[in-house]
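Text of the file run11.txt, holding compact mmCIF, C-alpha atoms and all ligand atoms:
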```txt
# COMPACT_ATOMS: atom_id res chain seq x y z
CA MET A 1 9.03 1.73 1.98
CA ALA A 2 8.44 -0.82 4.66
CA ILE A 3 9.13 -4.25 3.32
CA ARG A 4 8.44 -6.97 5.79
CA ARG A 5 11.01 -9.66 6.17
CA SER A 6 8.69 -12.58 5.68
CA THR A 7 7.20 -13.41 2.35
CA THR A 8 3.60 -12.31 2.07
CA LYS A 9 1.31 -14.19 -0.26
CA ARG A 10 -1.58 -12.73 -2.14
CA ASN A 11 -3.55 -14.63 -4.72
CA GLY A 12 -0.94 -17.34 -4.33
CA LEU A 13 1.79 -15.06 -5.63
CA PRO A 14 4.40 -13.49 -3.41
CA THR A 15 4.47 -9.71 -3.31
CA THR A 16 7.77 -9.48 -1.46
CA VAL A 17 10.55 -11.97 -1.94
CA GLN A 18 13.88 -12.28 -0.25
CA LEU A 19 16.95 -12.93 -2.35
CA ARG A 20 20.31 -13.87 -0.96
CA LEU A 21 23.22 -12.02 -2.52
CA THR A 22 26.60 -13.65 -2.92
CA PRO A 23 29.02 -10.77 -3.41
CA ALA A 24 32.77 -11.21 -3.72
CA PRO A 25 34.65 -9.74 -0.72
CA ALA A 26 35.45 -6.48 -2.53
CA GLN A 27 31.81 -6.20 -3.64
CA ALA A 28 30.64 -6.79 -0.08
CA ASP A 29 32.83 -3.92 1.08
CA ALA A 30 31.34 -1.67 -1.58
CA LEU A 31 27.80 -2.66 -0.51
CA ALA A 32 28.64 -1.98 3.13
CA THR A 33 29.85 1.48 2.17
CA ALA A 34 26.68 2.05 0.16
CA VAL A 35 24.49 1.17 3.13
CA GLN A 36 26.46 3.44 5.41
CA VAL A 37 26.51 6.36 2.98
CA CYS A 38 22.78 6.10 2.19
CA ASN A 39 21.79 5.96 5.84
CA GLN A 40 24.09 8.82 6.71
CA ALA A 41 22.59 10.85 3.86
CA ALA A 42 19.07 10.10 5.07
CA THR A 43 19.95 11.24 8.57
CA VAL A 44 21.50 14.47 7.24
CA VAL A 45 18.37 15.16 5.18
CA SER A 46 16.17 14.25 8.13
CA ARG A 47 17.91 16.74 10.41
CA LEU A 48 17.54 19.47 7.81
CA ALA A 49 13.89 18.59 7.34
CA TRP A 50 13.24 18.77 11.03
CA GLN A 51 15.20 22.00 11.57
CA HIS A 52 13.36 23.80 8.78
CA ARG A 53 10.02 22.06 9.34
CA VAL A 54 9.99 20.96 5.72
CA PHE A 55 8.58 17.51 5.10
CA THR A 56 7.33 17.27 1.52
CA VAL A 57 9.50 15.73 -1.17
CA LEU A 58 9.49 18.76 -3.40
CA GLU A 59 10.38 21.34 -0.76
CA LEU A 60 12.83 18.97 0.83
CA HIS A 61 14.56 18.50 -2.49
CA ARG A 62 14.97 22.26 -2.85
CA LEU A 63 16.27 22.54 0.70
CA ALA A 64 18.52 19.53 1.03
CA TYR A 65 19.74 18.25 -2.33
CA TYR A 66 22.95 20.26 -2.69
CA GLU A 67 23.54 20.33 1.04
CA VAL A 68 23.45 16.55 1.41
CA ARG A 69 25.62 15.99 -1.64
CA ALA A 70 28.17 18.39 -0.20
CA GLN A 71 28.09 16.80 3.24
CA VAL A 72 28.11 13.11 2.31
CA ALA A 73 31.07 12.04 0.24
CA GLY A 74 30.37 9.53 -2.51
CA LEU A 75 26.64 10.16 -2.62
CA GLY A 76 25.53 10.29 -6.21
CA ALA A 77 22.64 12.26 -7.65
CA GLN A 78 20.24 9.32 -7.71
CA ALA A 79 21.12 8.19 -4.20
CA ALA A 80 20.58 11.75 -2.95
CA VAL A 81 17.15 11.87 -4.59
CA ARG A 82 16.31 8.51 -3.04
CA ALA A 83 17.44 9.67 0.43
CA ILE A 84 15.18 12.72 0.19
CA ALA A 85 12.20 10.63 -0.85
CA ARG A 86 12.92 8.23 1.98
CA VAL A 87 12.98 10.97 4.59
CA ALA A 88 9.74 12.48 3.31
CA ALA A 89 8.11 9.05 3.49
CA ALA A 90 9.41 8.46 7.01
CA TYR A 91 7.89 11.70 8.29
CA ALA A 92 4.66 11.05 6.44
CA ASN A 93 4.33 7.68 8.15
CA ARG A 94 3.63 7.27 11.80
CA ARG A 95 7.01 5.58 12.02
CA ALA A 96 8.85 8.87 12.47
CA SER A 97 7.54 11.50 14.82
CA LYS A 98 7.98 15.15 13.92
CA LYS A 99 8.78 15.87 17.56
CA ARG A 100 12.42 15.11 16.95
CA ALA A 101 14.63 14.50 13.96
CA HIS A 102 14.33 10.92 12.75
CA ILE A 103 17.67 9.10 12.80
CA PHE A 104 18.41 6.36 10.30
CA ARG A 105 20.47 3.55 11.78
CA PRO A 106 23.88 3.32 10.06
CA HIS A 107 23.39 -0.35 9.18
CA GLY A 108 19.64 -0.29 8.61
CA ALA A 109 18.04 -1.50 5.39
CA VAL A 110 18.48 0.83 2.43
CA PRO A 111 15.83 1.13 -0.27
CA TYR A 112 16.92 0.73 -3.88
CA ASP A 113 14.73 1.77 -6.77
CA ALA A 114 14.97 1.17 -10.50
CA ARG A 115 17.53 3.94 -10.93
CA LEU A 116 19.91 2.41 -8.41
CA MET A 117 19.43 -1.22 -9.31
CA SER A 118 18.83 -3.40 -12.36
CA PHE A 119 18.21 -7.10 -12.69
CA ASN A 120 19.69 -9.47 -15.23
CA ARG A 121 17.18 -12.27 -14.90
CA ASP A 122 18.90 -14.67 -17.29
CA ALA A 123 22.22 -14.45 -15.47
CA ARG A 124 20.48 -14.22 -12.05
CA THR A 125 22.54 -11.18 -11.15
CA VAL A 126 21.59 -7.75 -9.91
CA SER A 127 23.55 -4.58 -10.53
CA LEU A 128 23.56 -2.30 -7.49
CA TRP A 129 24.74 1.25 -7.04
CA THR A 130 27.59 1.85 -4.58
CA PRO A 131 29.67 4.99 -3.97
CA THR A 132 32.58 3.32 -5.78
CA GLY A 133 30.58 2.34 -8.83
CA ARG A 134 28.04 -0.33 -9.66
CA VAL A 135 28.61 -3.89 -8.57
CA THR A 136 27.04 -6.86 -10.32
CA VAL A 137 26.20 -9.50 -7.74
CA PRO A 138 24.76 -13.00 -8.20
CA TYR A 139 21.64 -13.88 -6.25
CA THR A 140 19.96 -17.05 -5.07
CA GLY A 141 16.66 -17.76 -3.37
CA ARG A 142 13.82 -20.19 -2.91
CA PRO A 143 12.65 -21.64 -6.25
CA GLU A 144 9.22 -19.99 -6.02
CA ASP A 145 10.78 -16.63 -5.19
CA LEU A 146 13.22 -16.88 -8.12
CA LYS A 147 10.34 -17.75 -10.39
CA ALA A 148 8.39 -14.73 -9.15
CA VAL A 149 11.35 -12.43 -9.85
CA ASP A 150 11.63 -13.97 -13.32
CA THR A 151 8.03 -13.36 -14.22
CA LEU A 152 6.73 -10.35 -12.29
CA SER A 153 7.68 -6.72 -12.54
CA VAL A 154 10.19 -5.64 -9.93
CA GLY A 155 9.49 -2.62 -7.74
CA GLU A 156 11.69 -1.30 -4.98
CA ALA A 157 14.03 -3.43 -2.93
CA ASP A 158 15.59 -3.17 0.50
CA LEU A 159 19.27 -3.96 0.77
CA ILE A 160 20.31 -5.22 4.18
CA CYS A 161 23.14 -7.16 5.79
CA GLN A 162 21.99 -9.55 8.49
CA ARG A 163 24.62 -11.36 10.49
CA GLY A 164 27.05 -11.12 7.62
CA VAL A 165 24.52 -12.29 5.01
CA TRP A 166 23.56 -9.86 2.28
CA LEU A 167 19.85 -9.87 1.49
CA LEU A 168 17.74 -8.09 -1.07
CA GLN A 169 14.06 -7.89 -0.18
CA VAL A 170 12.31 -7.22 -3.43
CA ALA A 171 8.78 -5.91 -3.83
CA LEU A 172 7.04 -7.39 -6.84
CA THR A 173 4.07 -5.86 -8.54
CA LEU A 174 1.23 -8.24 -9.18
CA PRO A 175 -0.49 -7.70 -12.48
CA LYS A 176 -3.65 -5.75 -11.80
CA PRO A 177 -6.68 -7.55 -13.15
CA ALA A 178 -8.87 -5.59 -15.50
CA VAL A 179 -12.06 -4.26 -13.94
CA ARG A 180 -14.98 -6.40 -15.07
CA GLU A 181 -18.20 -4.87 -16.27
CA PRO A 182 -20.66 -5.04 -13.34
CA VAL A 183 -23.35 -6.87 -15.31
CA GLY A 184 -25.38 -7.51 -12.17
CA GLY A 185 -25.38 -3.86 -11.14
CA PHE A 186 -23.85 -2.68 -7.86
CA LEU A 187 -23.81 -3.89 -4.31
CA GLY A 188 -24.36 -0.85 -2.13
CA VAL A 189 -22.88 -0.63 1.36
CA ASP A 190 -24.15 1.77 4.00
CA GLN A 191 -21.59 2.60 6.65
CA GLY A 192 -22.90 3.75 9.96
CA VAL A 193 -22.35 4.14 13.64
CA VAL A 194 -25.00 1.69 14.76
CA ASN A 195 -24.13 -0.90 12.16
CA LEU A 196 -20.62 -0.65 10.74
CA ALA A 197 -21.91 -1.79 7.37
CA VAL A 198 -25.22 -2.92 5.91
CA THR A 199 -25.38 -4.18 2.33
CA GLY A 200 -28.12 -3.63 -0.21
CA ASP A 201 -28.87 -7.33 0.17
CA GLY A 202 -29.76 -6.67 3.79
CA VAL A 203 -26.69 -8.26 5.36
CA VAL A 204 -25.68 -6.52 8.61
CA LEU A 205 -21.95 -6.42 9.32
CA PRO A 206 -20.33 -7.45 11.50
CA GLY A 207 -22.81 -10.23 11.94
CA PRO A 208 -23.25 -13.97 11.52
CA ALA A 209 -22.08 -13.66 7.89
CA LEU A 210 -18.54 -13.11 9.12
CA PRO A 211 -16.32 -15.81 10.56
CA GLY A 212 -14.79 -15.52 13.98
CA PRO A 213 -15.96 -14.94 17.52
CA ILE A 214 -17.42 -11.46 17.04
CA GLY A 215 -21.02 -12.37 16.43
CA GLY A 216 -22.68 -9.04 15.90
CA ASN A 217 -22.55 -5.35 16.40
CA GLY A 218 -24.10 -5.58 19.82
CA HIS A 219 -20.99 -7.31 21.01
CA VAL A 220 -18.70 -4.74 19.42
CA ARG A 221 -20.68 -1.92 20.97
CA THR A 222 -20.54 -3.48 24.40
CA LEU A 223 -16.78 -3.83 24.09
CA ARG A 224 -16.35 -0.22 23.04
CA GLU A 225 -18.66 0.99 25.80
CA ARG A 226 -16.59 -0.84 28.37
CA ARG A 227 -13.38 0.61 26.93
CA HIS A 228 -14.86 4.07 27.01
CA ARG A 229 -15.68 3.85 30.72
CA GLN A 230 -12.23 2.48 31.41
CA ARG A 231 -10.66 5.31 29.44
CA ARG A 232 -12.63 7.97 31.31
CA ARG A 233 -11.51 6.53 34.61
CA LEU A 234 -7.88 6.52 33.52
CA GLN A 235 -8.03 10.02 32.09
CA ARG A 236 -9.31 11.29 35.42
CA LYS A 237 -6.36 9.66 37.12
CA GLY A 238 -3.89 11.33 34.78
CA THR A 239 -0.81 9.52 36.09
CA SER A 240 1.89 8.35 33.72
CA ALA A 241 0.98 4.74 34.40
CA ALA A 242 -2.61 5.56 33.48
CA ARG A 243 -1.46 7.22 30.29
CA ARG A 244 0.47 4.07 29.40
CA VAL A 245 -2.63 1.94 29.84
CA LEU A 246 -4.59 4.42 27.74
CA ARG A 247 -2.18 4.08 24.86
CA ARG A 248 -2.42 0.32 25.04
CA LEU A 249 -6.21 0.45 25.07
CA SER A 250 -6.46 2.66 22.03
CA GLY A 251 -4.08 0.33 20.23
CA ARG A 252 -6.29 -2.62 21.06
CA GLU A 253 -9.42 -0.87 19.84
CA HIS A 254 -7.59 0.18 16.71
CA ARG A 255 -6.62 -3.41 16.03
CA MET A 256 -10.15 -4.65 16.62
CA MET A 257 -11.61 -2.13 14.16
CA THR A 258 -8.92 -2.91 11.59
CA HIS A 259 -9.66 -6.60 11.91
CA LEU A 260 -13.39 -5.99 11.45
CA ASN A 261 -12.86 -3.69 8.49
CA HIS A 262 -10.73 -6.34 6.82
CA GLN A 263 -13.43 -8.93 7.31
CA ILE A 264 -16.24 -6.64 6.21
CA SER A 265 -14.48 -5.46 3.05
CA LYS A 266 -13.49 -9.03 2.23
CA PHE A 267 -17.07 -10.23 2.57
CA VAL A 268 -18.46 -7.35 0.53
CA VAL A 269 -16.00 -7.73 -2.34
CA ARG A 270 -16.40 -11.50 -2.46
CA GLU A 271 -20.17 -11.13 -2.51
CA ALA A 272 -19.98 -8.60 -5.35
CA GLU A 273 -17.56 -10.81 -7.27
CA ARG A 274 -19.77 -13.87 -6.83
CA THR A 275 -22.82 -12.05 -8.18
CA GLY A 276 -21.14 -10.12 -10.99
CA ARG A 277 -21.66 -6.75 -9.35
CA GLY A 278 -19.56 -3.73 -8.51
CA VAL A 279 -19.28 -2.19 -5.03
CA ALA A 280 -20.56 1.28 -4.18
CA LEU A 281 -19.94 3.16 -0.94
CA GLU A 282 -20.77 6.65 0.18
CA ASP A 283 -18.19 9.36 -0.12
CA LEU A 284 -16.63 9.73 3.31
CA GLN A 285 -16.93 13.49 3.64
CA GLY A 286 -20.68 13.14 3.43
CA ILE A 287 -20.90 10.55 6.15
CA ARG A 288 -19.48 12.78 8.82
CA GLY A 289 -21.72 15.66 7.93
CA ARG A 290 -24.85 13.62 7.59
CA VAL A 291 -24.74 11.59 10.73
CA ARG A 292 -26.10 13.54 13.62
CA ALA A 293 -24.84 11.23 16.25
CA HIS A 294 -26.22 11.02 19.73
CA ARG A 295 -23.80 11.76 22.47
CA PHE A 296 -23.55 8.04 23.12
CA GLN A 297 -22.68 7.34 19.52
CA ARG A 298 -20.34 10.21 18.82
CA ARG A 299 -17.40 8.60 20.50
CA THR A 300 -17.81 5.52 18.36
CA LEU A 301 -17.81 7.73 15.30
CA HIS A 302 -14.18 7.54 14.35
CA GLY A 303 -13.61 9.02 10.93
CA TRP A 304 -10.57 6.86 10.42
CA ALA A 305 -12.56 3.64 10.74
CA PHE A 306 -14.90 4.71 7.93
CA ALA A 307 -11.98 5.83 5.80
CA GLN A 308 -10.22 2.54 6.47
CA GLN A 309 -13.21 0.50 5.37
CA ILE A 310 -13.30 2.47 2.12
CA THR A 311 -9.56 1.98 1.57
CA PHE A 312 -9.72 -1.75 2.26
CA THR A 313 -12.76 -2.23 0.03
CA ARG A 314 -11.26 -0.25 -2.84
CA TYR A 315 -8.02 -2.19 -2.60
CA LYS A 316 -9.65 -5.60 -2.42
CA ALA A 317 -12.02 -4.70 -5.25
CA ALA A 318 -9.13 -3.63 -7.48
CA ARG A 319 -7.33 -6.86 -6.73
CA ALA A 320 -10.38 -8.89 -7.67
CA GLY A 321 -11.23 -6.86 -10.78
CA VAL A 322 -14.47 -5.68 -9.16
CA ALA A 323 -15.77 -2.24 -10.10
CA PHE A 324 -15.66 0.27 -7.25
CA LEU A 325 -17.36 3.64 -6.93
CA LEU A 326 -17.90 6.27 -4.26
CA VAL A 327 -21.22 8.02 -4.57
CA ASP A 328 -22.79 11.23 -3.35
CA PRO A 329 -24.27 10.53 0.11
CA ALA A 330 -26.90 13.25 0.02
CA TYR A 331 -30.34 11.96 1.11
CA THR A 332 -29.46 8.29 0.74
CA SER A 333 -31.20 7.74 4.06
CA GLN A 334 -34.36 9.69 3.22
CA GLY A 335 -35.07 8.69 -0.38
CA CYS A 336 -37.26 5.78 -1.39
CA PRO A 337 -35.55 3.37 -3.80
CA GLU A 338 -38.93 2.22 -5.17
CA CYS A 339 -40.80 5.44 -5.96
CA GLY A 340 -38.10 8.08 -5.54
CA TYR A 341 -39.98 10.09 -2.91
CA VAL A 342 -37.54 12.00 -0.66
CA SER A 343 -38.64 13.24 2.71
CA ARG A 344 -37.47 13.39 6.28
CA ALA A 345 -40.91 11.99 7.10
CA ASN A 346 -39.79 8.72 5.47
CA ARG A 347 -37.80 8.18 8.64
CA PRO A 348 -40.41 8.01 11.39
CA ALA A 349 -38.11 6.44 13.96
CA ARG A 350 -34.46 5.63 14.40
CA GLY A 351 -33.44 2.75 12.20
CA ARG A 352 -36.81 2.64 10.43
CA PHE A 353 -37.71 3.58 6.89
CA ASP A 354 -41.34 4.09 5.93
CA CYS A 355 -42.06 5.65 2.56
CA GLN A 356 -44.87 8.16 2.97
CA ARG A 357 -45.87 7.82 -0.66
CA CYS A 358 -45.67 4.16 -1.69
CA GLY A 359 -45.52 2.49 1.70
CA LEU A 360 -42.15 0.74 1.23
CA ALA A 361 -40.91 -0.06 4.72
CA GLY A 362 -37.77 -1.57 6.10
CA HIS A 363 -34.47 -1.28 7.91
CA ALA A 364 -33.19 2.27 7.29
CA ASP A 365 -29.57 1.26 6.64
CA HIS A 366 -30.69 -1.44 4.23
CA ILE A 367 -32.78 1.07 2.29
CA ALA A 368 -29.84 3.49 2.26
CA ALA A 369 -27.60 0.74 0.87
CA ARG A 370 -30.11 0.12 -1.92
CA ASN A 371 -30.00 3.82 -2.80
CA ILE A 372 -26.20 3.71 -2.77
CA ALA A 373 -26.27 0.69 -5.10
CA ALA A 374 -28.56 2.52 -7.53
CA ARG A 375 -26.29 5.56 -7.53
CA GLY A 376 -23.32 3.31 -8.16
CA ALA A 377 -25.02 1.80 -11.21
CA ALA A 378 -26.08 5.23 -12.50
CA GLY A 379 -22.59 6.63 -11.95
CA TRP A 380 -20.99 3.71 -13.72
CA ALA A 381 -23.24 4.14 -16.72
CA VAL A 382 -22.27 7.81 -17.01
CA ILE A 383 -18.54 7.18 -16.58
CA ASN A 384 -18.54 4.46 -19.21
CA GLN A 385 -20.57 6.26 -21.83
CA PRO A 386 -18.58 5.98 -25.05
CA HIS A 387 -18.99 9.67 -25.87
CA ALA A 388 -18.90 11.13 -22.40
CA THR A 389 -17.21 14.36 -23.38
CA GLY A 390 -17.69 17.45 -21.31
CA LEU A 391 -18.32 15.46 -18.18
CA PRO A 392 -16.24 16.01 -15.08
CA SER A 393 -13.13 13.90 -15.26
CA ALA A 394 -14.68 10.90 -13.64
CA ARG A 395 -12.47 7.88 -13.77
CA ARG A 396 -13.09 4.21 -13.27
CA ASP A 397 -12.06 2.68 -10.03
CA ARG A 398 -11.46 6.07 -8.49
CA GLU A 399 -13.77 8.05 -6.32
CA SER A 400 -16.18 10.05 -8.32
CA LYS A 401 -19.45 11.33 -7.11
CA SER A 402 -22.30 9.89 -9.02
CA PRO A 403 -23.81 12.67 -11.07
CA ALA A 404 -27.11 10.86 -11.15
CA SER A 405 -29.00 10.46 -7.95
CA VAL A 406 -31.75 8.09 -7.09
CA GLY A 407 -34.45 9.67 -5.05
CA GLY A 408 -31.97 12.40 -4.32
CA SER A 409 -31.88 16.17 -4.42
ZN ZN B 501 -41.71 5.01 -2.01
```
Please, can you express the file's structure as structure tokens?
Amino acid sequence: MAIRRSTTKRNGLPTTVQLRLTPAPAQADALATAVQVCNQAATVVSRLAWQHRVFTVLELHRLAYYEVRAQVAGLGAQAAVRAIARVAAAYANRRASKKRAHIFRPHGAVPYDARLMSFNRDARTVSLWTPTGRVTVPYTGRPEDLKAVDTLSVGEADLICQRGVWLLQVALTLPKPAVREPVGGFLGVDQGVVNLAVTGDGVVLPGPALPGPIGGNGHVRTLRERRHRQRRRLQRKGTSAARRVLRRLSGREHRMMTHLNHQISKFVVREAERTGRGVALEDLQGIRGRVRAHRFQRRTLHGWAFAQQITFTRYKAARAGVAFLLVDPAYTSQGCPECGYVSRANRPARGRFDCQRCGLAGHADHIAARNIAARGAAGWAVINQPHATGLPSARRDRESKSPASVGGS
């Protein structure tokens, strides 16, 4: 688990707090040994994982549990389990490459979970596992951080010694607000290559609705076009210096998209919250299949950016107690939200919707977002039927394809 050193604030409550431990000298020695042993164990497990090309927790446990306990003196059962989980997580993240065995620094931060650590909030002490037995250490911290530890549920913690000071960086779980009934229906969001997102209210994102210098999609597209030309030029060069520049460029583009996705999802969730609605997006798998991108657009069609927008939106919705659903994307761009008529002929030109039956006309992405919203509402109604037995195990707040479809197949 990557706990950042600084305190992050969400909803005014800290999610990670830093406590200062004040161990007696003998306790400090025990903690130092613990850090060393745990990091050594993680490195042993990591080497085994890499040698055998085994990276999942379960397989890694089978492979490494007895081996690491035999190799690392003083490592208990729980600490061994934790080391294995830590290695699996490291290889799953981009942090550790599978090209070589990941090495854990001997004095690096060591994660502690509930089985290795317990808090006594009244006494302001924490009991921590060490190879020579548990030590009960007093802690101090900023008043607001202490209050947070007193009131919130404690998750994992990182134990680290920085310049002789023992610190415990504790992750706190914020209480998850209950999902409110979307009395106003759903706000649908159409994700696309031309417009990153268009809402059922007709708001085009990114656009003037968002703060910041990026005014609209035209600007984003121009930027990406320029990057693309630059990248092509560098790829043709193929020198190591060119490759370095390439890596930097893709990082920059990645950051720009991440920034935009944060802003878009924030806007969407706030808008839904303000109007008592839930948020509905299309299931990602469908988006890739449906969009027949032009050659010009294909390179802007990064699956990860769509997936990221979904992840951000789901997360922000859960935090705000806003209902969230993924719906079946089939024909959302061809169906008419007014009369239900579905036809390819409803899309006479790129970006245009023109219902051949009832004459409803408009921006194609906007129409699609309205269809998505309707499917969200229909899906929600089905999921929350009191006697919904025999239905596929659709769950609230999780992706579930809407069984109903508006103007769909
Ligand atoms: Zn129609």
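Taking CA of Phe312 (chain A) as the reference point, CA of Val17 (chain A) is found at 23.1 Å.
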I'd like the neighbourhood of region 25-27 of chain A as a PyMOL selection string, where a residue qualifies if any of its atoms comes within 9 Å (using all atoms listed in the file), though same-chain residues fewer than 4 positions away should be ignored. chain A and resi 31-32+135-137
10 Å from ligand ZN 501 (chain B) is the threshold here; counting all atoms listed in the file, which polymer residues fall inside it? Answer as a PDB file with C-alpha atoms, in the coordinates of the input.
```pdb
ATOM      1  CA  GLY A 335     -35.070   8.690  -0.380  1.00  0.00           C
ATOM      2  CA  CYS A 336     -37.260   5.780  -1.390  1.00  0.00           C
ATOM      3  CA  PRO A 337     -35.550   3.370  -3.800  1.00  0.00           C
ATOM      4  CA  GLU A 338     -38.930   2.220  -5.170  1.00  0.00           C
ATOM      5  CA  CYS A 339     -40.800   5.440  -5.960  1.00  0.00           C
ATOM      6  CA  GLY A 340     -38.100   8.080  -5.540  1.00  0.00           C
ATOM      7  CA  TYR A 341     -39.980  10.090  -2.910  1.00  0.00           C
ATOM      8  CA  VAL A 342     -37.540  12.000  -0.660  1.00  0.00           C
ATOM      9  CA  SER A 343     -38.640  13.240   2.710  1.00  0.00           C
ATOM     10  CA  ASN A 346     -39.790   8.720   5.470  1.00  0.00           C
ATOM     11  CA  PHE A 353     -37.710   3.580   6.890  1.00  0.00           C
ATOM     12  CA  ASP A 354     -41.340   4.090   5.930  1.00  0.00           C
ATOM     13  CA  CYS A 355     -42.060   5.650   2.560  1.00  0.00           C
ATOM     14  CA  GLN A 356     -44.870   8.160   2.970  1.00  0.00           C
ATOM     15  CA  ARG A 357     -45.870   7.820  -0.660  1.00  0.00           C
ATOM     16  CA  CYS A 358     -45.670   4.160  -1.690  1.00  0.00           C
ATOM     17  CA  GLY A 359     -45.520   2.490   1.700  1.00  0.00           C
ATOM     18  CA  LEU A 360     -42.150   0.740   1.230  1.00  0.00           C
ATOM     19  CA  ALA A 361     -40.910  -0.060   4.720  1.00  0.00           C
ATOM     20  CA  GLY A 407     -34.450   9.670  -5.050  1.00  0.00           C
TER      21      GLY A 407
END
```
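The space separating CA of Glu144 (chain A) from CA of Thr15 (chain A) comes to 11.6 Å.
The space between CA of Glu282 (chain A) and CA of Pro329 (chain A) spans 5.2 Å.
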Write out as a PyMOL selection string each polymer residue whose atoms come within 12 Å of region 50-53 of chain A, counting only C-alpha atoms; drop sequence neighbours fewer than 3 positions from it. chain A and resi 43-47+56+59-60+62-64+87-88+90-91+96-103
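Close to (21.5, 18.9, -4.0), meaning no more than 12 Å away when counting all atoms listed in the file, sit the residues Ala41, Val45, Glu59, Leu60, His61, Arg62, Leu63, Ala64, Tyr65, Tyr66, Glu67, Val68, Arg69, Ala70, Gln71, Val72, Leu75, Gly76, Ala77, Gln78, Ala79, Ala80, Val81, Arg82, Ala83 and Ile84 of chain A.
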Mind checking which residues fall within 10 Å of Val183 (chain A), counting all atoms listed in the file, ignoring those fewer than 6 positions away in the same chain, and posting them as a PyMOL selection string? chain A and resi 275-278+377
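Among the candidates A:Ala374, A:Thr151, A:Leu205, A:Arg232, the one nearest to Leu260 (chain A) when counting only C-alpha atoms is A:Leu205.
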Can you work out which one of A:Arg243, A:Arg163, A:Arg352, A:Arg20 has the shortest atom-to-atom distance to His107 (chain A), counting all atoms listed in the file? A:Arg163
What would the list of residues within 8 Å of (-26.1, 8.6, -0.5) (file frame) look like as a list in words, if all atoms listed in the file are what count? Glu282, Asp283, Val327, Asp328, Pro329, Ala330, Tyr331, Thr332, Ser333, Ala368, Asn371, Ile372, Arg375 and Gly408 of chain A
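Take the candidates A:Ala34, A:Ala148, A:Thr140, A:Asn120 and check each one against Gly108 (chain A) using all atoms listed in the file; the shortest distance goes to A:Ala34.
Considering the residues A:Gly155, A:Gly238, A:Pro206, A:Gly141 and counting only C-alpha atoms, Gln263 (chain A) has its shortest atom-to-atom contact with A:Pro206.
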